[in-house]
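Okay, model-v1.pdb is below, PDB, C-alpha atoms and all ligand atoms:
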```pdb
ATOM      1  CA  MET Q  29      -0.609 -23.942 -32.778  1.00  0.00           C
ATOM      2  CA  ALA Q  30      -3.665 -22.350 -31.164  1.00  0.00           C
ATOM      3  CA  LYS Q  31      -4.753 -22.597 -27.546  1.00  0.00           C
ATOM      4  CA  LEU Q  32      -8.515 -22.253 -27.317  1.00  0.00           C
ATOM      5  CA  ASN Q  33     -11.010 -22.234 -24.493  1.00  0.00           C
ATOM      6  CA  VAL Q  34     -14.003 -24.105 -25.872  1.00  0.00           C
ATOM      7  CA  ASN Q  35     -17.001 -24.764 -23.649  1.00  0.00           C
ATOM      8  CA  GLY Q  36     -14.822 -24.271 -20.591  1.00  0.00           C
ATOM      9  CA  LYS Q  37     -12.026 -26.629 -21.676  1.00  0.00           C
ATOM     10  CA  VAL Q  38      -8.620 -25.444 -22.816  1.00  0.00           C
ATOM     11  CA  ILE Q  39      -7.656 -27.238 -26.013  1.00  0.00           C
ATOM     12  CA  GLU Q  40      -4.495 -26.963 -28.093  1.00  0.00           C
ATOM     13  CA  VAL Q  41      -4.806 -27.466 -31.830  1.00  0.00           C
ATOM     14  CA  GLU Q  42      -2.240 -27.581 -34.599  1.00  0.00           C
ATOM     15  CA  VAL Q  43      -3.671 -25.277 -37.289  1.00  0.00           C
ATOM     16  CA  GLU Q  44      -2.769 -22.300 -39.469  1.00  0.00           C
ATOM     17  CA  ASP Q  45      -3.951 -18.930 -38.108  1.00  0.00           C
ATOM     18  CA  ASP Q  46      -6.189 -18.353 -41.102  1.00  0.00           C
ATOM     19  CA  THR Q  47      -8.109 -21.618 -40.666  1.00  0.00           C
ATOM     20  CA  PRO Q  48     -11.785 -20.814 -40.126  1.00  0.00           C
ATOM     21  CA  LEU Q  49     -12.826 -21.405 -36.535  1.00  0.00           C
ATOM     22  CA  LEU Q  50     -15.686 -23.594 -37.796  1.00  0.00           C
ATOM     23  CA  TRP Q  51     -13.259 -26.178 -39.164  1.00  0.00           C
ATOM     24  CA  VAL Q  52     -11.270 -26.226 -35.966  1.00  0.00           C
ATOM     25  CA  ILE Q  53     -14.430 -26.758 -33.933  1.00  0.00           C
ATOM     26  CA  ARG Q  54     -15.752 -29.496 -36.223  1.00  0.00           C
ATOM     27  CA  GLU Q  55     -12.632 -31.224 -37.534  1.00  0.00           C
ATOM     28  CA  GLN Q  56      -9.981 -30.784 -34.859  1.00  0.00           C
ATOM     29  CA  ILE Q  57     -12.145 -30.690 -31.750  1.00  0.00           C
ATOM     30  CA  GLY Q  58     -14.933 -32.928 -33.038  1.00  0.00           C
ATOM     31  CA  LEU Q  59     -17.893 -30.809 -31.980  1.00  0.00           C
ATOM     32  CA  THR Q  60     -20.222 -31.228 -34.938  1.00  0.00           C
ATOM     33  CA  GLY Q  61     -23.284 -29.405 -33.614  1.00  0.00           C
ATOM     34  CA  THR Q  62     -22.071 -26.232 -35.331  1.00  0.00           C
ATOM     35  CA  LYS Q  63     -23.046 -26.511 -38.985  1.00  0.00           C
ATOM     36  CA  TYR Q  64     -21.509 -25.516 -42.292  1.00  0.00           C
ATOM     37  CA  ALA Q  65     -23.880 -24.193 -44.939  1.00  0.00           C
ATOM     38  CA  CYS Q  66     -23.017 -21.119 -47.030  1.00  0.00           C
ATOM     39  CA  GLY Q  67     -19.420 -20.615 -45.891  1.00  0.00           C
ATOM     40  CA  ILE Q  68     -19.633 -16.882 -46.650  1.00  0.00           C
ATOM     41  CA  ALA Q  69     -21.120 -15.405 -43.464  1.00  0.00           C
ATOM     42  CA  GLN Q  70     -24.612 -15.164 -44.938  1.00  0.00           C
ATOM     43  CA  CYS Q  71     -26.729 -17.849 -43.259  1.00  0.00           C
ATOM     44  CA  GLY Q  72     -25.638 -18.092 -39.618  1.00  0.00           C
ATOM     45  CA  SER Q  73     -25.684 -21.925 -39.451  1.00  0.00           C
ATOM     46  CA  CYS Q  74     -22.148 -21.784 -38.072  1.00  0.00           C
ATOM     47  CA  THR Q  75     -22.922 -19.318 -35.254  1.00  0.00           C
ATOM     48  CA  VAL Q  76     -20.956 -19.716 -32.023  1.00  0.00           C
ATOM     49  CA  HIS Q  77     -20.274 -17.291 -29.182  1.00  0.00           C
ATOM     50  CA  ILE Q  78     -16.957 -15.630 -28.473  1.00  0.00           C
ATOM     51  CA  ASP Q  79     -17.184 -14.021 -25.049  1.00  0.00           C
ATOM     52  CA  GLY Q  80     -20.960 -14.090 -25.411  1.00  0.00           C
ATOM     53  CA  GLN Q  81     -21.086 -12.400 -28.825  1.00  0.00           C
ATOM     54  CA  ALA Q  82     -22.559 -14.302 -31.759  1.00  0.00           C
ATOM     55  CA  VAL Q  83     -19.991 -14.803 -34.519  1.00  0.00           C
ATOM     56  CA  ARG Q  84     -20.141 -16.626 -37.822  1.00  0.00           C
ATOM     57  CA  SER Q  85     -17.369 -19.127 -37.413  1.00  0.00           C
ATOM     58  CA  CYS Q  86     -17.115 -20.069 -41.107  1.00  0.00           C
ATOM     59  CA  VAL Q  87     -15.325 -16.782 -41.812  1.00  0.00           C
ATOM     60  CA  TYR Q  88     -13.690 -16.204 -38.426  1.00  0.00           C
ATOM     61  CA  PRO Q  89      -9.985 -17.071 -38.566  1.00  0.00           C
ATOM     62  CA  VAL Q  90      -8.858 -19.046 -35.568  1.00  0.00           C
ATOM     63  CA  GLY Q  91      -5.956 -16.609 -35.235  1.00  0.00           C
ATOM     64  CA  GLY Q  92      -8.518 -13.880 -34.481  1.00  0.00           C
ATOM     65  CA  VAL Q  93      -9.413 -15.514 -31.176  1.00  0.00           C
ATOM     66  CA  THR Q  94      -7.274 -13.885 -28.523  1.00  0.00           C
ATOM     67  CA  ALA Q  95      -5.873 -15.578 -25.429  1.00  0.00           C
ATOM     68  CA  GLY Q  96      -8.436 -15.905 -22.686  1.00  0.00           C
ATOM     69  CA  GLN Q  97     -11.474 -15.473 -24.934  1.00  0.00           C
ATOM     70  CA  LYS Q  98     -14.187 -18.006 -24.296  1.00  0.00           C
ATOM     71  CA  ILE Q  99     -15.724 -19.859 -27.210  1.00  0.00           C
ATOM     72  CA  THR Q 100     -19.119 -21.450 -26.663  1.00  0.00           C
ATOM     73  CA  THR Q 101     -20.715 -23.856 -29.110  1.00  0.00           C
ATOM     74  CA  ILE Q 102     -24.217 -25.315 -29.066  1.00  0.00           C
ATOM     75  CA  GLU Q 103     -22.834 -28.243 -27.051  1.00  0.00           C
ATOM     76  CA  GLY Q 104     -21.723 -25.877 -24.283  1.00  0.00           C
ATOM     77  CA  LEU Q 105     -24.640 -23.430 -24.224  1.00  0.00           C
ATOM     78  CA  SER Q 106     -26.124 -25.132 -21.160  1.00  0.00           C
ATOM     79  CA  GLN Q 107     -25.194 -28.140 -19.051  1.00  0.00           C
ATOM     80  CA  LYS Q 108     -28.349 -30.147 -19.715  1.00  0.00           C
ATOM     81  CA  GLY Q 109     -29.664 -28.616 -22.925  1.00  0.00           C
ATOM     82  CA  ASP Q 110     -31.980 -26.508 -20.791  1.00  0.00           C
ATOM     83  CA  HIS Q 111     -31.085 -22.950 -21.719  1.00  0.00           C
ATOM     84  CA  PRO Q 112     -34.374 -20.969 -21.882  1.00  0.00           C
ATOM     85  CA  VAL Q 113     -34.035 -20.802 -25.680  1.00  0.00           C
ATOM     86  CA  GLN Q 114     -33.601 -24.588 -25.867  1.00  0.00           C
ATOM     87  CA  GLN Q 115     -36.597 -25.109 -23.577  1.00  0.00           C
ATOM     88  CA  ALA Q 116     -38.721 -22.778 -25.706  1.00  0.00           C
ATOM     89  CA  TRP Q 117     -37.598 -24.506 -28.918  1.00  0.00           C
ATOM     90  CA  ALA Q 118     -38.582 -27.898 -27.486  1.00  0.00           C
ATOM     91  CA  GLU Q 119     -41.959 -26.618 -26.328  1.00  0.00           C
ATOM     92  CA  LEU Q 120     -42.819 -25.062 -29.686  1.00  0.00           C
ATOM     93  CA  ASP Q 121     -41.199 -27.738 -31.878  1.00  0.00           C
ATOM     94  CA  THR Q 122     -39.363 -24.902 -33.581  1.00  0.00           C
ATOM     95  CA  PRO Q 123     -37.038 -26.928 -35.834  1.00  0.00           C
ATOM     96  CA  GLN Q 124     -38.180 -28.530 -39.048  1.00  0.00           C
ATOM     97  CA  CYS Q 125     -35.193 -30.345 -40.630  1.00  0.00           C
ATOM     98  CA  GLY Q 126     -33.077 -28.879 -37.826  1.00  0.00           C
ATOM     99  CA  TYR Q 127     -29.958 -28.097 -39.828  1.00  0.00           C
ATOM    100  CA  CYS Q 128     -29.922 -24.345 -39.214  1.00  0.00           C
ATOM    101  CA  GLN Q 129     -31.204 -24.576 -35.660  1.00  0.00           C
ATOM    102  CA  PRO Q 130     -27.984 -24.755 -33.630  1.00  0.00           C
ATOM    103  CA  GLY Q 131     -27.051 -21.455 -35.253  1.00  0.00           C
ATOM    104  CA  MET Q 132     -30.525 -20.029 -34.663  1.00  0.00           C
ATOM    105  CA  ILE Q 133     -30.368 -21.020 -30.998  1.00  0.00           C
ATOM    106  CA  MET Q 134     -26.900 -19.541 -30.523  1.00  0.00           C
ATOM    107  CA  ALA Q 135     -27.893 -16.292 -32.251  1.00  0.00           C
ATOM    108  CA  SER Q 136     -31.110 -16.100 -30.197  1.00  0.00           C
ATOM    109  CA  ALA Q 137     -29.295 -16.765 -26.909  1.00  0.00           C
ATOM    110  CA  ALA Q 138     -26.782 -14.002 -27.690  1.00  0.00           C
ATOM    111  CA  LEU Q 139     -29.632 -11.631 -28.572  1.00  0.00           C
ATOM    112  CA  LEU Q 140     -31.341 -12.283 -25.212  1.00  0.00           C
ATOM    113  CA  ASP Q 141     -28.100 -11.557 -23.367  1.00  0.00           C
ATOM    114  CA  LYS Q 142     -27.909  -8.248 -25.165  1.00  0.00           C
ATOM    115  CA  LYS Q 143     -31.651  -7.420 -25.159  1.00  0.00           C
ATOM    116  CA  PRO Q 144     -33.528  -9.324 -22.461  1.00  0.00           C
ATOM    117  CA  ASN Q 145     -36.982  -8.588 -23.935  1.00  0.00           C
ATOM    118  CA  PRO Q 146     -36.630  -8.005 -27.680  1.00  0.00           C
ATOM    119  CA  SER Q 147     -39.517  -6.809 -29.843  1.00  0.00           C
ATOM    120  CA  ASP Q 148     -40.410  -8.521 -33.125  1.00  0.00           C
ATOM    121  CA  GLU Q 149     -38.594  -5.690 -34.853  1.00  0.00           C
ATOM    122  CA  ASP Q 150     -35.456  -6.296 -32.766  1.00  0.00           C
ATOM    123  CA  ILE Q 151     -35.639  -9.996 -33.634  1.00  0.00           C
ATOM    124  CA  ASN Q 152     -36.091  -9.287 -37.336  1.00  0.00           C
ATOM    125  CA  THR Q 153     -33.114  -6.931 -37.294  1.00  0.00           C
ATOM    126  CA  GLU Q 154     -30.785  -9.014 -35.155  1.00  0.00           C
ATOM    127  CA  ILE Q 155     -31.554 -12.585 -36.196  1.00  0.00           C
ATOM    128  CA  THR Q 156     -30.436 -12.606 -39.797  1.00  0.00           C
ATOM    129  CA  ASN Q 157     -29.883 -16.362 -39.883  1.00  0.00           C
ATOM    130  CA  ILE Q 158     -31.423 -18.129 -42.849  1.00  0.00           C
ATOM    131  CA  CYS Q 159     -33.682 -21.157 -42.499  1.00  0.00           C
ATOM    132  CA  ARG Q 160     -34.457 -22.988 -45.719  1.00  0.00           C
ATOM    133  CA  CYS Q 161     -37.445 -24.619 -44.019  1.00  0.00           C
ATOM    134  CA  GLY Q 162     -38.922 -21.203 -43.182  1.00  0.00           C
ATOM    135  CA  THR Q 163     -39.172 -21.540 -39.405  1.00  0.00           C
ATOM    136  CA  PHE Q 164     -38.838 -17.768 -38.895  1.00  0.00           C
ATOM    137  CA  GLN Q 165     -42.266 -17.360 -37.273  1.00  0.00           C
ATOM    138  CA  ARG Q 166     -41.570 -20.136 -34.749  1.00  0.00           C
ATOM    139  CA  VAL Q 167     -38.111 -18.704 -34.074  1.00  0.00           C
ATOM    140  CA  ARG Q 168     -39.737 -15.363 -33.187  1.00  0.00           C
ATOM    141  CA  GLU Q 169     -42.322 -17.099 -30.978  1.00  0.00           C
ATOM    142  CA  GLY Q 170     -39.536 -19.162 -29.410  1.00  0.00           C
ATOM    143  CA  ILE Q 171     -37.543 -16.082 -28.484  1.00  0.00           C
ATOM    144  CA  HIS Q 172     -40.599 -14.521 -26.810  1.00  0.00           C
ATOM    145  CA  LEU Q 173     -41.308 -17.778 -24.966  1.00  0.00           C
ATOM    146  CA  ALA Q 174     -37.665 -17.983 -23.849  1.00  0.00           C
ATOM    147  CA  VAL Q 175     -38.092 -14.540 -22.258  1.00  0.00           C
ATOM    148  CA  GLU Q 176     -41.090 -15.857 -20.262  1.00  0.00           C
ATOM    149  CA  ILE Q 177     -39.230 -19.037 -19.270  1.00  0.00           C
ATOM    150  CA  LYS Q 178     -36.275 -16.969 -18.098  1.00  0.00           C
ATOM    151  CA  HIS Q 179     -38.537 -14.686 -16.038  1.00  0.00           C
ATOM    152  CA  LYS Q 180     -40.289 -17.643 -14.401  1.00  0.00           C
ATOM    153  CA  SER Q 181     -37.001 -19.317 -13.467  1.00  0.00           C
ATOM    154  CA  THR Q 182     -35.622 -16.044 -12.056  1.00  0.00           C
ATOM    155  CA  ALA Q 183     -38.831 -15.518 -10.029  1.00  0.00           C
ATOM    156  CA  LYS Q 184     -38.531 -19.068  -8.590  1.00  0.00           C
ATOM    157  CA  ALA Q 185     -34.865 -18.653  -7.628  1.00  0.00           C
TER     158      ALA Q 185
HETATM  159  S1  LIG Q 201     -22.011 -21.290 -42.875  1.00  0.00           S
HETATM  160 FE1  LIG Q 201     -21.311 -19.556 -41.806  1.00  0.00          FE
HETATM  161  S2  LIG Q 201     -22.759 -18.033 -42.221  1.00  0.00           S
HETATM  162 FE2  LIG Q 201     -23.372 -19.714 -43.445  1.00  0.00          FE
HETATM  163  S1  LIG Q 202     -35.102 -26.044 -39.882  1.00  0.00           S
HETATM  164 FE1  LIG Q 202     -34.450 -26.752 -41.819  1.00  0.00          FE
HETATM  165  S2  LIG Q 202     -33.076 -25.216 -42.513  1.00  0.00           S
HETATM  166 FE2  LIG Q 202     -33.945 -24.403 -40.738  1.00  0.00          FE
END
```
Would you mind writing the file out in structure tokens?
Amino acid sequence: MAKLNVNGKVIEVEVEDDTPLLWVIREQIGLTGTKYACGIAQCGSCTVHIDGQAVRSCVYPVGGVTAGQKITTIEGLSQKGDHPVQQAWAELDTPQCGYCQPGMIMASAALLDKKPNPSDEDINTEITNICRCGTFQRVREGIHLAVEIKHKSTAKA
């Protein structure tokens, strides 16, 4: 039995400790925005946040989540799908097929929390997610645009 805080809700699930968090999120909890692709921590499609840090949930055992840690999936990143990264993605039409994009968005949002104005080099180093459609250039542009969107909304507030 695991007690998890997912997107602000406390949920109890009946699973073995070594079950990958991705399966718990998708199968037990029913949040299917987080995607399975490689299953070996290489592509980042399964990226979620644990206490704001990007983790690859396909290899993260659910037993590794400690009490009180907050898990955020793409469904919980923002209330209305309006996180600056999501706004930038919509403006630039960043996704192609879209499959890798929840992971890209989660990784990008975590990067901006850590580095509010990342350089291209920072992005290349930190965003190691793989996109089979080759959207890397638009992902980089999207991250820079998200920085501008964030600044504008902070200036307005
Ligand atoms: S599915 Fe987890 S890193 Fe690829
Ligand atoms: S948009 Fe298709 S795999 Fe990335």
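Atom pair atom CA of Q:Arg54 / atom CA of Q:Thr122 has a distance of 24.2 Å (rounded to one decimal).
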task: For ligand LIG 202 (chain Q), collect every residue having any atom at a distance of at most 10 Å from a ligand atom (counting only C-alpha atoms and all ligand atoms); output as a list in words.
output: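 I would give the residues around ligand LIG 202 (chain Q) as Ala65, Cys71, Ser73, Thr122, Pro123, Gln124, Cys125, Gly126, Tyr127, Cys128, Gln129, Pro130, Gly131, Met132, Asn157, Ile158, Cys159, Arg160, Cys161, Gly162, Thr163, Phe164 and Val167 of chain Q.
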query: Selected by the PyMOL selection byres (((chain Q and resi 94-101) around 8) and not hetatm) in the shown coordinates: which residues, as a list of chain:residue names?
result: Q:Lys31, Q:Leu32, Q:Asn33, Q:Val34, Q:Asn35, Q:Gly36, Q:Gly61, Q:Thr62, Q:Thr75, Q:Val76, Q:His77, Q:Ile78, Q:Asp79, Q:Gly80, Q:Gly91, Q:Gly92, Q:Val93, Q:Ile102, Q:Glu103, Q:Gly104, Q:Leu105, Q:Met134
task: Please write the residues picked by the PyMOL selection byres (((chain Q and resi 87) around 10) and not hetatm) on this file as a ChimeraX atom specification.
output: /Q:46-51,67-70,74,83-86,88-90
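Distances here use only C-alpha atoms and all ligand atoms; by that measure, the residue among Q:Ile155, Q:Val175, Q:Ala118, Q:Val38 closest to ligand LIG 201 (chain Q) is Q:Ile155.
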message: Using only C-alpha atoms, can you tell me which of Q:Ile133, Q:Ala30, Q:Cys66, Q:Val113 comes closest to Q:Val52?
response: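 Comparing Q:Ile133, Q:Ala30, Q:Cys66, Q:Val113 against Q:Val52, the winner is Q:Ala30.
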Residue nearest ligand LIG 201 (chain Q) among Q:Ala82, Q:Ala116, Q:Ile151, Q:Leu139 (counting all atoms listed in the file):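 Once distances to ligand LIG 201 (chain Q) are computed over all atoms listed in the file, the minimum belongs to Q:Ala82.
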- request: Kindly indicate which residue among Q:Thr182, Q:Gln107, Q:Gln114, Q:Gln165 lies nearest to Q:Ala137, using all atoms listed in the file for the distances.
  value: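 Between Q:Thr182, Q:Gln107, Q:Gln114, Q:Gln165, the residue approaching Q:Ala137 most closely is Q:Gln114.
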Where's the centre, and what are the edge lengths in Å to one decimal, of a box along x, y and z enclosing all listed atoms of stretch 150-161 of chain Q padded 3 Å per side, as JSON?
```
{"center_x": -33.7, "center_y": -15.5, "center_z": -39.2, "size_x": 13.6, "size_y": 24.3, "size_z": 19.0}
```
task: May I ask which of the residues Q:Thr60, Q:His111, Q:Thr156, Q:Glu40 is the closest one to ligand LIG 201 (chain Q), counting only C-alpha atoms and all ligand atoms?
output: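 Ranking Q:Thr60, Q:His111, Q:Thr156, Q:Glu40 by distance to ligand LIG 201 (chain Q), first place goes to Q:Thr156.
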query: Hey, which of Q:Arg166, Q:Tyr64, Q:Leu140, Q:Asp121 ends up closest to ligand LIG 201 (chain Q)? Count only C-alpha atoms and all ligand atoms.
result: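 Residue with the minimum atom-to-atom distance to ligand LIG 201 (chain Q): Q:Tyr64.
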